[in-house]
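Novice: Next comes the structure file my_file_30.cif, holding mmCIF, C-alpha atoms.
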```cif
data_protein
#
loop_
_atom_site.group_PDB
_atom_site.id
_atom_site.type_symbol
_atom_site.label_atom_id
_atom_site.label_comp_id
_atom_site.auth_asym_id
_atom_site.auth_seq_id
_atom_site.Cartn_x
_atom_site.Cartn_y
_atom_site.Cartn_z
ATOM 1 C CA MET A 10 -83.076 11.919 176.831
ATOM 2 C CA ALA A 11 -83.715 13.953 173.713
ATOM 3 C CA GLU A 12 -80.817 16.210 174.708
ATOM 4 C CA THR A 13 -78.459 13.238 175.060
ATOM 5 C CA GLU A 14 -79.533 11.988 171.646
ATOM 6 C CA ARG A 15 -78.868 15.413 170.170
ATOM 7 C CA ILE A 16 -75.401 15.527 171.731
ATOM 8 C CA LEU A 17 -74.691 12.025 170.438
ATOM 9 C CA GLN A 18 -75.442 13.261 166.928
ATOM 10 C CA PHE A 19 -72.819 16.019 167.373
ATOM 11 C CA ILE A 20 -70.276 13.445 168.473
ATOM 12 C CA TYR A 21 -71.144 11.213 165.502
ATOM 13 C CA LYS A 22 -70.600 14.149 163.150
ATOM 14 C CA ALA A 23 -67.228 14.766 164.817
ATOM 15 C CA ILE A 24 -66.402 11.068 164.391
ATOM 16 C CA ASP A 25 -67.197 11.391 160.666
ATOM 17 C CA GLU A 26 -64.761 14.305 160.409
ATOM 18 C CA VAL A 27 -62.002 12.531 162.290
ATOM 19 C CA ASN A 28 -62.546 9.241 160.419
ATOM 20 C CA GLU A 29 -61.752 11.071 157.185
ATOM 21 C CA GLN A 30 -58.235 11.623 158.554
ATOM 22 C CA LEU A 31 -57.720 8.106 159.911
ATOM 23 C CA PRO A 32 -56.516 4.939 158.211
ATOM 24 C CA ARG A 33 -59.389 2.472 157.602
ATOM 25 C CA LYS A 34 -58.348 0.191 160.485
ATOM 26 C CA GLN A 35 -58.432 2.983 163.040
ATOM 27 C CA ARG A 36 -61.799 4.407 162.062
ATOM 28 C CA LEU A 37 -64.386 4.671 164.819
ATOM 29 C CA LYS A 38 -67.864 3.180 164.871
ATOM 30 C CA LYS A 39 -70.670 5.627 165.511
ATOM 31 C CA SER A 40 -72.104 3.940 168.565
ATOM 32 C CA ARG A 41 -72.611 4.758 172.248
ATOM 33 C CA ASP A 42 -70.222 2.054 173.448
ATOM 34 C CA THR A 43 -67.309 2.974 171.151
ATOM 35 C CA VAL A 44 -64.217 3.252 173.330
ATOM 36 C CA LEU A 45 -62.338 6.516 172.859
ATOM 37 C CA TYR A 46 -59.713 6.378 175.558
ATOM 38 C CA GLY A 47 -57.746 3.550 177.152
ATOM 39 C CA GLU A 48 -56.061 0.378 175.989
ATOM 40 C CA SER A 49 -58.981 -0.906 173.944
ATOM 41 C CA SER A 50 -59.413 2.361 172.039
ATOM 42 C CA LYS A 51 -58.533 2.503 168.364
ATOM 43 C CA LEU A 52 -57.578 6.163 168.760
ATOM 44 C CA ASP A 53 -54.068 7.290 169.585
ATOM 45 C CA SER A 54 -53.589 10.453 171.661
ATOM 46 C CA LEU A 55 -53.546 12.634 168.561
ATOM 47 C CA GLY A 56 -56.779 11.058 167.335
ATOM 48 C CA LEU A 57 -58.451 11.689 170.679
ATOM 49 C CA VAL A 58 -57.371 15.345 170.640
ATOM 50 C CA MET A 59 -58.751 15.704 167.123
ATOM 51 C CA LEU A 60 -62.060 14.152 168.162
ATOM 52 C CA ILE A 61 -62.386 16.451 171.182
ATOM 53 C CA VAL A 62 -61.618 19.495 169.037
ATOM 54 C CA ALA A 63 -64.067 18.398 166.324
ATOM 55 C CA THR A 64 -66.776 17.772 168.936
ATOM 56 C CA GLU A 65 -66.246 21.224 170.501
ATOM 57 C CA GLN A 66 -66.609 22.753 167.045
ATOM 58 C CA ARG A 67 -69.799 20.813 166.232
ATOM 59 C CA ILE A 68 -71.379 21.909 169.525
ATOM 60 C CA GLU A 69 -70.322 25.478 168.832
ATOM 61 C CA ASP A 70 -71.720 25.476 165.297
ATOM 62 C CA ASP A 71 -74.887 23.431 165.735
ATOM 63 C CA PHE A 72 -75.766 24.157 169.372
ATOM 64 C CA GLY A 73 -74.434 27.716 169.588
ATOM 65 C CA LEU A 74 -72.517 26.921 172.756
ATOM 66 C CA THR A 75 -68.795 27.414 173.340
ATOM 67 C CA LEU A 76 -67.501 24.676 175.644
ATOM 68 C CA THR A 77 -64.024 23.618 176.691
ATOM 69 C CA LEU A 78 -64.209 19.840 176.975
ATOM 70 C CA ALA A 79 -60.671 19.257 178.261
ATOM 71 C CA SER A 80 -61.366 21.393 181.317
ATOM 72 C CA GLU A 81 -59.931 21.029 184.820
ATOM 73 C CA LYS A 82 -63.221 19.418 185.750
ATOM 74 C CA ALA A 83 -62.823 16.761 183.046
ATOM 75 C CA LEU A 84 -59.217 16.038 183.911
ATOM 76 C CA SER A 85 -59.897 15.697 187.630
ATOM 77 C CA MET A 86 -62.830 13.285 187.331
ATOM 78 C CA LYS A 87 -62.256 9.814 188.763
ATOM 79 C CA ASN A 88 -63.730 8.169 185.658
ATOM 80 C CA SER A 89 -62.534 9.905 182.524
ATOM 81 C CA PRO A 90 -65.422 11.426 180.568
ATOM 82 C CA PHE A 91 -63.517 10.555 177.413
ATOM 83 C CA LYS A 92 -63.724 6.797 178.011
ATOM 84 C CA THR A 93 -66.587 6.113 175.594
ATOM 85 C CA VAL A 94 -68.903 7.998 173.279
ATOM 86 C CA GLU A 95 -71.662 7.620 175.867
ATOM 87 C CA SER A 96 -69.598 8.966 178.790
ATOM 88 C CA LEU A 97 -68.523 11.885 176.616
ATOM 89 C CA ALA A 98 -72.151 12.645 175.749
ATOM 90 C CA GLU A 99 -73.133 12.523 179.435
ATOM 91 C CA PHE A 100 -70.267 14.835 180.346
ATOM 92 C CA ILE A 101 -71.232 17.316 177.635
ATOM 93 C CA LEU A 102 -74.818 17.238 178.910
ATOM 94 C CA THR A 103 -73.648 18.250 182.410
ATOM 95 C CA LEU A 104 -71.589 21.083 180.909
ATOM 96 C CA VAL A 105 -74.575 22.249 178.862
ATOM 97 C CA LYS A 106 -76.769 22.213 181.995
ATOM 98 C CA ASP A 107 -74.086 24.060 184.014
ATOM 99 C CA THR A 108 -73.852 26.697 181.285
ATOM 100 C CA SER A 109 -77.622 27.186 181.026
ATOM 101 C CA ASN A 110 -77.884 27.452 184.811
ATOM 102 C CA GLY A 111 -75.403 30.301 184.625
ATOM 103 C CA MET B 23 -54.139 34.580 158.045
ATOM 104 C CA VAL B 24 -54.525 36.003 161.548
ATOM 105 C CA ILE B 25 -52.267 38.817 162.778
ATOM 106 C CA THR B 26 -52.451 39.969 166.393
ATOM 107 C CA GLY B 27 -51.570 43.461 167.523
ATOM 108 C CA ALA B 28 -52.679 44.497 164.051
ATOM 109 C CA ARG B 29 -53.403 48.180 164.542
ATOM 110 C CA LYS B 30 -49.961 49.765 164.540
ATOM 111 C CA GLY B 31 -46.206 49.185 164.541
ATOM 112 C CA ILE B 32 -45.010 45.843 163.189
ATOM 113 C CA GLY B 33 -48.557 44.427 163.153
ATOM 114 C CA GLY B 34 -49.940 47.342 161.153
ATOM 115 C CA TYR B 35 -47.110 46.942 158.658
ATOM 116 C CA LEU B 36 -47.692 43.180 158.351
ATOM 117 C CA VAL B 37 -51.428 43.648 157.738
ATOM 118 C CA ASP B 38 -50.756 46.003 154.832
ATOM 119 C CA TYR B 39 -47.873 43.873 153.528
ATOM 120 C CA TYR B 40 -49.892 40.645 153.388
ATOM 121 C CA VAL B 41 -53.118 42.271 152.140
ATOM 122 C CA LYS B 42 -51.085 43.698 149.249
ATOM 123 C CA LYS B 43 -49.790 40.190 148.582
ATOM 124 C CA GLY B 44 -53.403 39.026 148.271
ATOM 125 C CA PHE B 45 -53.837 37.230 151.602
ATOM 126 C CA ARG B 46 -57.172 37.357 153.400
ATOM 127 C CA VAL B 47 -56.139 38.856 156.714
ATOM 128 C CA VAL B 48 -57.956 38.914 160.040
ATOM 129 C CA GLY B 49 -56.405 41.280 162.535
ATOM 130 C CA CYS B 50 -57.065 41.934 166.173
ATOM 131 C CA SER B 51 -56.046 44.547 168.689
ATOM 132 C CA ARG B 52 -57.475 46.188 171.778
ATOM 133 C CA ASN B 53 -58.709 49.189 169.782
ATOM 134 C CA ALA B 54 -60.477 49.621 166.471
ATOM 135 C CA ASN B 55 -58.406 49.724 163.301
ATOM 136 C CA ASP B 56 -59.285 52.137 160.523
ATOM 137 C CA TYR B 57 -57.363 50.078 157.929
ATOM 138 C CA LYS B 58 -59.707 49.413 155.021
ATOM 139 C CA SER B 59 -59.548 46.609 152.501
ATOM 140 C CA ASP B 60 -61.947 43.981 151.164
ATOM 141 C CA LEU B 61 -59.342 41.453 152.244
ATOM 142 C CA TYR B 62 -59.184 42.701 155.833
ATOM 143 C CA ARG B 63 -61.408 42.138 158.844
ATOM 144 C CA HIS B 64 -60.712 43.449 162.327
ATOM 145 C CA PHE B 65 -61.671 42.211 165.798
ATOM 146 C CA CYS B 66 -61.340 44.346 168.924
ATOM 147 C CA LEU B 67 -60.108 42.164 171.762
ATOM 148 C CA HIS B 68 -57.333 41.594 174.249
ATOM 149 C CA VAL B 69 -55.346 38.512 173.277
ATOM 150 C CA SER B 70 -55.760 36.985 176.740
ATOM 151 C CA ASP B 71 -59.568 37.325 176.754
ATOM 152 C CA GLU B 72 -60.516 33.684 176.234
ATOM 153 C CA PRO B 73 -64.224 34.054 175.366
ATOM 154 C CA LYS B 74 -63.518 36.817 172.827
ATOM 155 C CA VAL B 75 -60.589 34.972 171.273
ATOM 156 C CA LYS B 76 -62.666 31.800 170.961
ATOM 157 C CA ALA B 77 -65.504 33.769 169.387
ATOM 158 C CA MET B 78 -63.099 35.288 166.853
ATOM 159 C CA PHE B 79 -61.822 31.862 165.788
ATOM 160 C CA ARG B 80 -65.385 30.537 165.583
ATOM 161 C CA ASP B 81 -66.216 33.392 163.186
ATOM 162 C CA ILE B 82 -63.060 32.687 161.162
ATOM 163 C CA ARG B 83 -63.960 29.007 160.875
ATOM 164 C CA ARG B 84 -67.494 29.806 159.763
ATOM 165 C CA GLU B 85 -66.585 32.570 157.345
ATOM 166 C CA TYR B 86 -63.388 31.211 155.811
ATOM 167 C CA GLY B 87 -63.732 27.485 156.516
ATOM 168 C CA GLY B 88 -60.180 27.220 157.847
ATOM 169 C CA LEU B 89 -57.005 29.017 158.781
ATOM 170 C CA ASP B 90 -53.522 28.619 157.292
ATOM 171 C CA ILE B 91 -51.356 31.121 159.154
ATOM 172 C CA LEU B 92 -51.199 32.749 162.581
ATOM 173 C CA ILE B 93 -48.761 35.594 163.300
ATOM 174 C CA ASN B 94 -48.603 36.247 167.049
ATOM 175 C CA ASN B 95 -47.249 39.766 166.955
ATOM 176 C CA ALA B 96 -49.150 41.366 169.859
ATOM 177 C CA GLY B 97 -46.802 42.245 172.662
ATOM 178 C CA ILE B 98 -46.033 44.826 175.295
ATOM 179 C CA ALA B 99 -42.657 45.866 176.646
ATOM 180 C CA SER B 100 -41.712 47.202 180.025
ATOM 181 C CA MET B 101 -38.491 49.004 180.902
ATOM 182 C CA ASN B 102 -37.719 49.298 184.533
ATOM 183 C CA SER B 103 -35.061 48.489 187.059
ATOM 184 C CA PHE B 104 -35.865 45.007 188.350
ATOM 185 C CA LEU B 105 -35.974 46.256 191.953
ATOM 186 C CA LEU B 106 -38.491 48.929 191.088
ATOM 187 C CA THR B 107 -40.804 46.952 188.820
ATOM 188 C CA PRO B 108 -44.422 46.940 190.034
ATOM 189 C CA LEU B 109 -45.970 43.477 190.094
ATOM 190 C CA ASN B 110 -49.063 44.528 188.173
ATOM 191 C CA GLN B 111 -46.726 45.535 185.326
ATOM 192 C CA VAL B 112 -45.165 42.054 185.387
ATOM 193 C CA ARG B 113 -48.608 40.440 185.283
ATOM 194 C CA SER B 114 -49.687 42.653 182.423
ATOM 195 C CA VAL B 115 -46.575 41.781 180.365
ATOM 196 C CA LEU B 116 -47.008 38.055 181.009
ATOM 197 C CA ASP B 117 -50.720 38.244 180.257
ATOM 198 C CA THR B 118 -50.239 39.719 176.791
ATOM 199 C CA ASN B 119 -46.950 38.137 175.762
ATOM 200 C CA VAL B 120 -47.268 34.642 177.227
ATOM 201 C CA VAL B 121 -50.947 33.944 177.956
ATOM 202 C CA GLY B 122 -52.027 35.724 174.780
ATOM 203 C CA THR B 123 -49.568 33.826 172.594
ATOM 204 C CA PHE B 124 -50.527 30.536 174.265
ATOM 205 C CA LEU B 125 -54.253 31.120 173.779
ATOM 206 C CA LEU B 126 -53.980 32.227 170.158
ATOM 207 C CA CYS B 127 -51.755 29.241 169.317
ATOM 208 C CA ARG B 128 -54.215 26.867 170.967
ATOM 209 C CA GLU B 129 -57.321 28.157 169.244
ATOM 210 C CA ALA B 130 -55.634 28.533 165.848
ATOM 211 C CA ALA B 131 -54.166 25.024 166.039
ATOM 212 C CA LYS B 132 -57.628 23.584 166.702
ATOM 213 C CA ILE B 133 -58.763 24.886 163.318
ATOM 214 C CA MET B 134 -55.517 24.041 161.534
ATOM 215 C CA ALA B 135 -55.456 20.490 162.932
ATOM 216 C CA LEU B 136 -58.595 19.412 161.130
ATOM 217 C CA LYS B 137 -57.001 20.243 157.771
ATOM 218 C CA ARG B 138 -53.603 19.008 158.879
ATOM 219 C CA TYR B 139 -51.910 22.192 157.736
ATOM 220 C CA GLY B 140 -50.802 25.323 159.512
ATOM 221 C CA ARG B 141 -48.044 27.845 160.011
ATOM 222 C CA ILE B 142 -47.658 29.604 163.355
ATOM 223 C CA ILE B 143 -45.157 32.442 163.787
ATOM 224 C CA ASN B 144 -44.489 33.758 167.267
ATOM 225 C CA PHE B 145 -42.616 36.893 168.236
ATOM 226 C CA THR B 146 -39.710 36.827 170.621
ATOM 227 C CA THR B 147 -36.903 39.392 170.820
ATOM 228 C CA ALA B 148 -33.142 39.665 170.481
ATOM 229 C CA ALA B 149 -33.249 40.949 174.066
ATOM 230 C CA VAL B 150 -33.536 37.278 175.136
ATOM 231 C CA PRO B 151 -30.057 36.147 173.946
ATOM 232 C CA LEU B 152 -28.691 39.612 174.850
ATOM 233 C CA LYS B 153 -30.026 39.107 178.409
ATOM 234 C CA LEU B 154 -30.968 42.751 178.377
ATOM 235 C CA GLU B 155 -30.749 44.538 181.729
ATOM 236 C CA GLY B 156 -33.688 46.738 182.665
ATOM 237 C CA GLU B 157 -36.263 44.594 180.907
ATOM 238 C CA ALA B 158 -36.533 41.579 183.193
ATOM 239 C CA SER B 159 -40.266 40.943 182.853
ATOM 240 C CA TYR B 160 -40.276 41.567 179.090
ATOM 241 C CA VAL B 161 -37.257 39.340 178.473
ATOM 242 C CA ALA B 162 -38.633 36.599 180.745
ATOM 243 C CA SER B 163 -41.953 36.694 178.893
ATOM 244 C CA LYS B 164 -40.248 36.476 175.501
ATOM 245 C CA ALA B 165 -37.990 33.627 176.682
ATOM 246 C CA SER B 166 -41.238 31.829 177.518
ATOM 247 C CA VAL B 167 -42.379 32.396 173.949
ATOM 248 C CA VAL B 168 -39.193 30.668 172.730
ATOM 249 C CA SER B 169 -39.891 27.625 174.938
ATOM 250 C CA LEU B 170 -43.542 27.613 173.952
ATOM 251 C CA THR B 171 -42.559 27.673 170.286
ATOM 252 C CA GLU B 172 -40.184 24.741 170.736
ATOM 253 C CA VAL B 173 -42.668 22.597 172.655
ATOM 254 C CA LEU B 174 -45.607 23.353 170.353
ATOM 255 C CA ALA B 175 -43.454 22.522 167.332
ATOM 256 C CA ARG B 176 -43.206 18.983 168.692
ATOM 257 C CA GLU B 177 -46.809 18.681 169.860
ATOM 258 C CA LEU B 178 -48.298 19.962 166.625
ATOM 259 C CA ALA B 179 -45.910 18.377 164.135
ATOM 260 C CA ASP B 180 -48.144 15.347 163.503
ATOM 261 C CA MET B 181 -50.982 17.724 162.672
ATOM 262 C CA GLY B 182 -48.987 19.290 159.829
ATOM 263 C CA ILE B 183 -48.539 22.514 161.777
ATOM 264 C CA THR B 184 -45.141 24.214 162.011
ATOM 265 C CA VAL B 185 -44.357 26.640 164.818
ATOM 266 C CA ASN B 186 -41.430 29.046 164.539
ATOM 267 C CA ALA B 187 -40.429 32.399 165.965
ATOM 268 C CA VAL B 188 -38.743 35.566 164.835
ATOM 269 C CA GLY B 189 -36.708 37.685 167.230
ATOM 270 C CA PRO B 190 -36.135 41.216 166.002
ATOM 271 C CA THR B 191 -33.616 43.602 167.502
ATOM 272 C CA LEU B 192 -34.829 47.103 168.280
ATOM 273 C CA VAL B 193 -37.350 48.266 165.690
ATOM 274 C CA GLU B 194 -38.538 51.826 165.167
ATOM 275 C CA THR B 195 -41.938 51.417 166.834
ATOM 276 C CA ASP B 196 -43.808 52.729 169.871
ATOM 277 C CA LEU B 197 -42.120 50.132 172.047
ATOM 278 C CA ILE B 198 -38.725 51.873 171.933
ATOM 279 C CA ARG B 199 -39.928 55.470 172.043
ATOM 280 C CA SER B 200 -38.879 55.715 175.671
ATOM 281 C CA VAL B 201 -35.453 54.066 175.228
ATOM 282 C CA PRO B 202 -32.630 56.620 175.597
ATOM 283 C CA GLN B 203 -30.377 57.142 172.538
ATOM 284 C CA THR B 204 -27.234 56.162 174.476
ATOM 285 C CA LYS B 205 -28.857 52.867 175.414
ATOM 286 C CA ILE B 206 -29.813 52.237 171.781
ATOM 287 C CA ARG B 207 -26.214 52.888 170.645
ATOM 288 C CA GLU B 208 -24.889 50.485 173.284
ATOM 289 C CA LEU B 209 -27.304 47.790 172.173
ATOM 290 C CA LEU B 210 -26.475 48.138 168.499
ATOM 291 C CA LYS B 211 -22.804 47.566 169.358
ATOM 292 C CA ARG B 212 -23.704 44.120 170.723
ATOM 293 C CA GLN B 213 -25.144 42.988 167.370
ATOM 294 C CA ALA B 214 -23.066 41.597 164.495
ATOM 295 C CA ILE B 215 -24.833 44.062 162.212
ATOM 296 C CA GLY B 216 -25.189 47.310 164.106
ATOM 297 C CA ARG B 217 -28.458 48.830 162.951
ATOM 298 C CA LEU B 218 -32.106 48.819 163.990
ATOM 299 C CA SER B 219 -34.357 46.102 162.543
ATOM 300 C CA ARG B 220 -36.340 47.219 159.538
ATOM 301 C CA LEU B 221 -39.914 46.068 159.117
ATOM 302 C CA GLU B 222 -38.878 44.371 155.870
ATOM 303 C CA ASP B 223 -36.309 42.297 157.788
ATOM 304 C CA ILE B 224 -39.153 40.846 159.831
ATOM 305 C CA SER B 225 -41.530 40.123 156.933
ATOM 306 C CA ASN B 226 -38.631 38.475 155.112
ATOM 307 C CA VAL B 227 -38.240 35.898 157.890
ATOM 308 C CA ILE B 228 -42.006 35.381 158.138
ATOM 309 C CA ASP B 229 -42.216 34.888 154.360
ATOM 310 C CA PHE B 230 -39.699 32.073 154.704
ATOM 311 C CA PHE B 231 -41.520 30.386 157.596
ATOM 312 C CA ILE B 232 -44.957 30.493 155.932
ATOM 313 C CA ARG B 233 -43.913 29.122 152.555
ATOM 314 C CA PRO B 234 -45.538 25.725 151.893
ATOM 315 C CA GLU B 235 -42.014 24.530 151.042
ATOM 316 C CA SER B 236 -40.948 25.241 154.655
ATOM 317 C CA GLU B 237 -42.913 22.235 155.942
ATOM 318 C CA PHE B 238 -39.694 20.706 157.343
ATOM 319 C CA VAL B 239 -38.777 23.845 159.323
ATOM 320 C CA THR B 240 -40.252 23.937 162.812
ATOM 321 C CA GLY B 241 -39.302 24.831 166.380
ATOM 322 C CA GLN B 242 -36.792 27.367 165.059
ATOM 323 C CA VAL B 243 -36.077 30.883 166.258
ATOM 324 C CA ILE B 244 -34.401 33.367 163.932
ATOM 325 C CA PHE B 245 -32.862 36.341 165.693
ATOM 326 C CA LEU B 246 -32.092 39.309 163.482
ATOM 327 C CA GLY B 247 -28.917 41.332 163.376
ATOM 328 C CA GLY B 248 -26.567 38.476 164.222
ATOM 329 C CA VAL B 249 -27.276 38.518 167.944
#
```
Could you show the structure in this file as structure tokens?
Specialist:
Amino acid sequence: MAETERILQFIYKAIDEVNEQLPRKQRLKKSRDTVLYGESSKLDSLGLVMLIVATEQRIEDDFGLTLTLASEKALSMKNSPFKTVESLAEFILTLVKDTSNG
Amino acid sequence: MVITGARKGIGGYLVDYYVKKGFRVVGCSRNANDYKSDLYRHFCLHVSDEPKVKAMFRDIRREYGGLDILINNAGIASMNSFLLTPLNQVRSVLDTNVVGTFLLCREAAKIMALKRYGRIINFTTAAVPLKLEGEASYVASKASVVSLTEVLARELADMGITVNAVGPTLVETDLIRSVPQTKIRELLKRQAIGRLSRLEDISNVIDFFIRPESEFVTGQVIFLGGV
């Protein structure tokens, strides 16, 4: 639980970075249920790419872990891990566990 | 600025050229570089080694806070009759010239995107439009670099990143040491201007691409010598 919370904070920091680049109307709320991908998302494809890149960089800098979020695993999942902030956090947690288990 | 294949040849020249112009330059190559300058930092890596390339860009982001320019110079050539070309040689050429260029572009663009500014220069060769016999794997790899440049120009345009390529003719470097003189003379005849590329010809094109004023120039390939 604490790990998920920590990962959420990384995503929120990434949202802050991306929001700086976005027009006011497209800015994202820092909340678990914020939709990132799909029809109801405020982000266009470029915005989503920027958020994924910013999140990878936050994890790298603050967690010391180099992850590739847009991996084959992510792209082949039935439910996209990029759907919401919460699903992204859960996906990152599985990647972190996979990495620490070698 | 990042320059790949920075130890010798065109890359070594570009490192010195841009350091003297006052750029902070990060270079990489498979072997150590004894070039010394306060403005220069070197990484030993193969351009297709994903973990090492990612680690280099992480260090760049932390130390410099961003990246403006990437020059994808690293490349290997291979001269051989098509029928006698070993497959491991083909894989090696593709690995450095295509996979390496792809990976460096990807990781550099991730840093550039967040500041919505970047200039990427890839290296192709005049051997592509000349359809040079005896260099099938090299030419195929460099034709891929042209396509990659054109596609990335479109994908990265909204991020303020331009992607262009320079295609030199034969240059006096290690790559052509094994090319017979008769072959060189034949090749020069196929150019509008029949001489070898000079290193200054290449930096001249790069200077144009990296100027802030060149923000409207992307997806372009400039071949030297009027090929």
Novice: Point out the residue among B:Pro73, B:Leu92, B:Thr118, B:Lys43 with the least atom-to-atom distance to chain A, counting only C-alpha atoms.
Specialist: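 Closest candidate: B:Pro73.
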Novice: If I put a ball of radius 10 Å at (-58.7, 4.4, 162.4) in the file's coordinates, which residues poke into it when counting only C-alpha atoms, written as a PyMOL selection string?
Specialist: chain A and resi 27-38+50-53+56
Novice: Since I can't run it myself right now, could you work out what the PyMOL selection byres ((chain A) within 9 of (chain B)) selects here and report it as a CSV table (one decimal) with C-alpha atoms, in the coordinates of the input?
Specialist:
```
chain,number,residue,atom,x,y,z
A,26,GLU,CA,-64.8,14.3,160.4
A,27,VAL,CA,-62.0,12.5,162.3
A,30,GLN,CA,-58.2,11.6,158.6
A,55,LEU,CA,-53.5,12.6,168.6
A,59,MET,CA,-58.8,15.7,167.1
A,62,VAL,CA,-61.6,19.5,169.0
A,63,ALA,CA,-64.1,18.4,166.3
A,66,GLN,CA,-66.6,22.8,167.0
A,69,GLU,CA,-70.3,25.5,168.8
A,70,ASP,CA,-71.7,25.5,165.3
A,75,THR,CA,-68.8,27.4,173.3
```
Novice: Please provide the set of residues having any atom within 10 Å of Thr107 of chain B, restricted to only C-alpha atoms, with same-chain residues fewer than 6 positions apart removed, written as an NGL selection string.
Specialist: :B and (100-101 or 156-159)
Novice: Could you write out that same residue set with C-alpha atoms as a compact mmCIF listing (two decimals), in the coordinates of the input?
Specialist:
```txt
# COMPACT_ATOMS: atom_id res chain seq x y z
CA SER B 100 -41.71 47.20 180.02
CA MET B 101 -38.49 49.00 180.90
CA GLY B 156 -33.69 46.74 182.66
CA GLU B 157 -36.26 44.59 180.91
CA ALA B 158 -36.53 41.58 183.19
CA SER B 159 -40.27 40.94 182.85
```
Novice: Would you list the contacts of Ser163 of chain B as a list in words, taking every protein, DNA or RNA residue within 6 Å and counting only C-alpha atoms, but skipping same-chain residues closer than 3 positions in sequence?
Specialist: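 What passes the distance filter is Leu116, Val120, Tyr160 and Ser166 of chain B.
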Novice: Could you give me, as a list in words, the residues that sit within 10 Å of (-75.9, 13.9, 170.9) in the file's coordinates, counting only C-alpha atoms?
Specialist: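 Looking at atoms near the point gives Met10, Ala11, Glu12, Thr13, Glu14, Arg15, Ile16, Leu17, Gln18, Phe19, Ile20, Tyr21, Lys22, Arg41, Ile68, Val94, Glu95, Leu97, Ala98, Glu99, Ile101 and Leu102 of chain A.
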Novice: Quick one: pull the distance between atom CA of Val227 of chain B and atom CA of Gly122 of chain B, Å, one decimal.
Specialist: 21.8 Å
Novice: Could you tell me how far atom CA of Ser51 of chain B sits from atom CA of Ile206 of chain B, in Å to one decimal place?
Specialist: 27.5 Å
Novice: Exactly which residues make up the result of the PyMOL selection byres ((chain B and resi 216-219) around 9) on this file, given as a ChimeraX atom specification?
Specialist: /B:190-194,206-207,209-215,220-224,246-248
Novice: On this structure, the PyMOL selection byres ((chain A and resi 46) around 6) would catch which residues? List them as a PDB file with C-alpha atoms, in the coordinates of the input, sorted by chain and number.
Specialist:
```
ATOM      1  CA  VAL A  44     -64.217   3.252 173.330  1.00  0.00           C
ATOM      2  CA  LEU A  45     -62.338   6.516 172.859  1.00  0.00           C
ATOM      3  CA  GLY A  47     -57.746   3.550 177.152  1.00  0.00           C
ATOM      4  CA  SER A  50     -59.413   2.361 172.039  1.00  0.00           C
ATOM      5  CA  PHE A  91     -63.517  10.555 177.413  1.00  0.00           C
ATOM      6  CA  LYS A  92     -63.724   6.797 178.011  1.00  0.00           C
TER       7      LYS A  92
END
```
Novice: One decimal, Å: what's the distance from atom CA of Gln111 of chain B over to atom CA of Val69 of chain B, could you say?
Specialist: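 Between atom CA of Gln111 of chain B and atom CA of Val69 of chain B the gap works out to 16.4 Å.
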Novice: Please identify all polymer residues within 9 Å of Phe100 of chain A, counting only C-alpha atoms, omitting same-chain residues fewer than 6 positions from it, and present them as a short mmCIF file (atom, residue, chain, number, x, y, z; two decimals) with C-alpha atoms, in the frame of the given file.
Specialist:
```
data_model
loop_
_atom_site.label_atom_id
_atom_site.label_comp_id
_atom_site.auth_asym_id
_atom_site.auth_seq_id
_atom_site.Cartn_x
_atom_site.Cartn_y
_atom_site.Cartn_z
CA LEU A 78 -64.21 19.84 176.98
CA ALA A 83 -62.82 16.76 183.05
CA PRO A 90 -65.42 11.43 180.57
CA PHE A 91 -63.52 10.56 177.41
#
```
Novice: Can you report as JSON the centre and edge lengths in Å, to one decimal, of an axis-aligned box around the listed atoms of segment 71-74 of chain B padded with 8 Å on each side?
Specialist:
```
{"center_x": -61.9, "center_y": 35.5, "center_z": 174.8, "size_x": 20.7, "size_y": 19.6, "size_z": 19.9}
```
Novice: Got a sec: who's within 6 Å of segment 173-176 of chain B, counting all atoms listed in the file, leaving out chain neighbours fewer than 2 positions off, as number ranges by chain?
Specialist: B: 170-171, 178-179, 184-185, 240-241
Novice: Given the choices B:Asp229, B:Glu72, B:Asp38, B:Glu85, which gets closest to Ile142 of chain B if the distance is worked out from all atoms listed in the file?
Specialist: B:Asp229
Novice: Find the residue from B:Gly49, B:Gly189, B:Gly182, B:Gly44 that sits nearest to Ala165 of chain B; use only C-alpha atoms when measuring.
Specialist: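 Distance minimum relative to Ala165 of chain B lands on B:Gly189.
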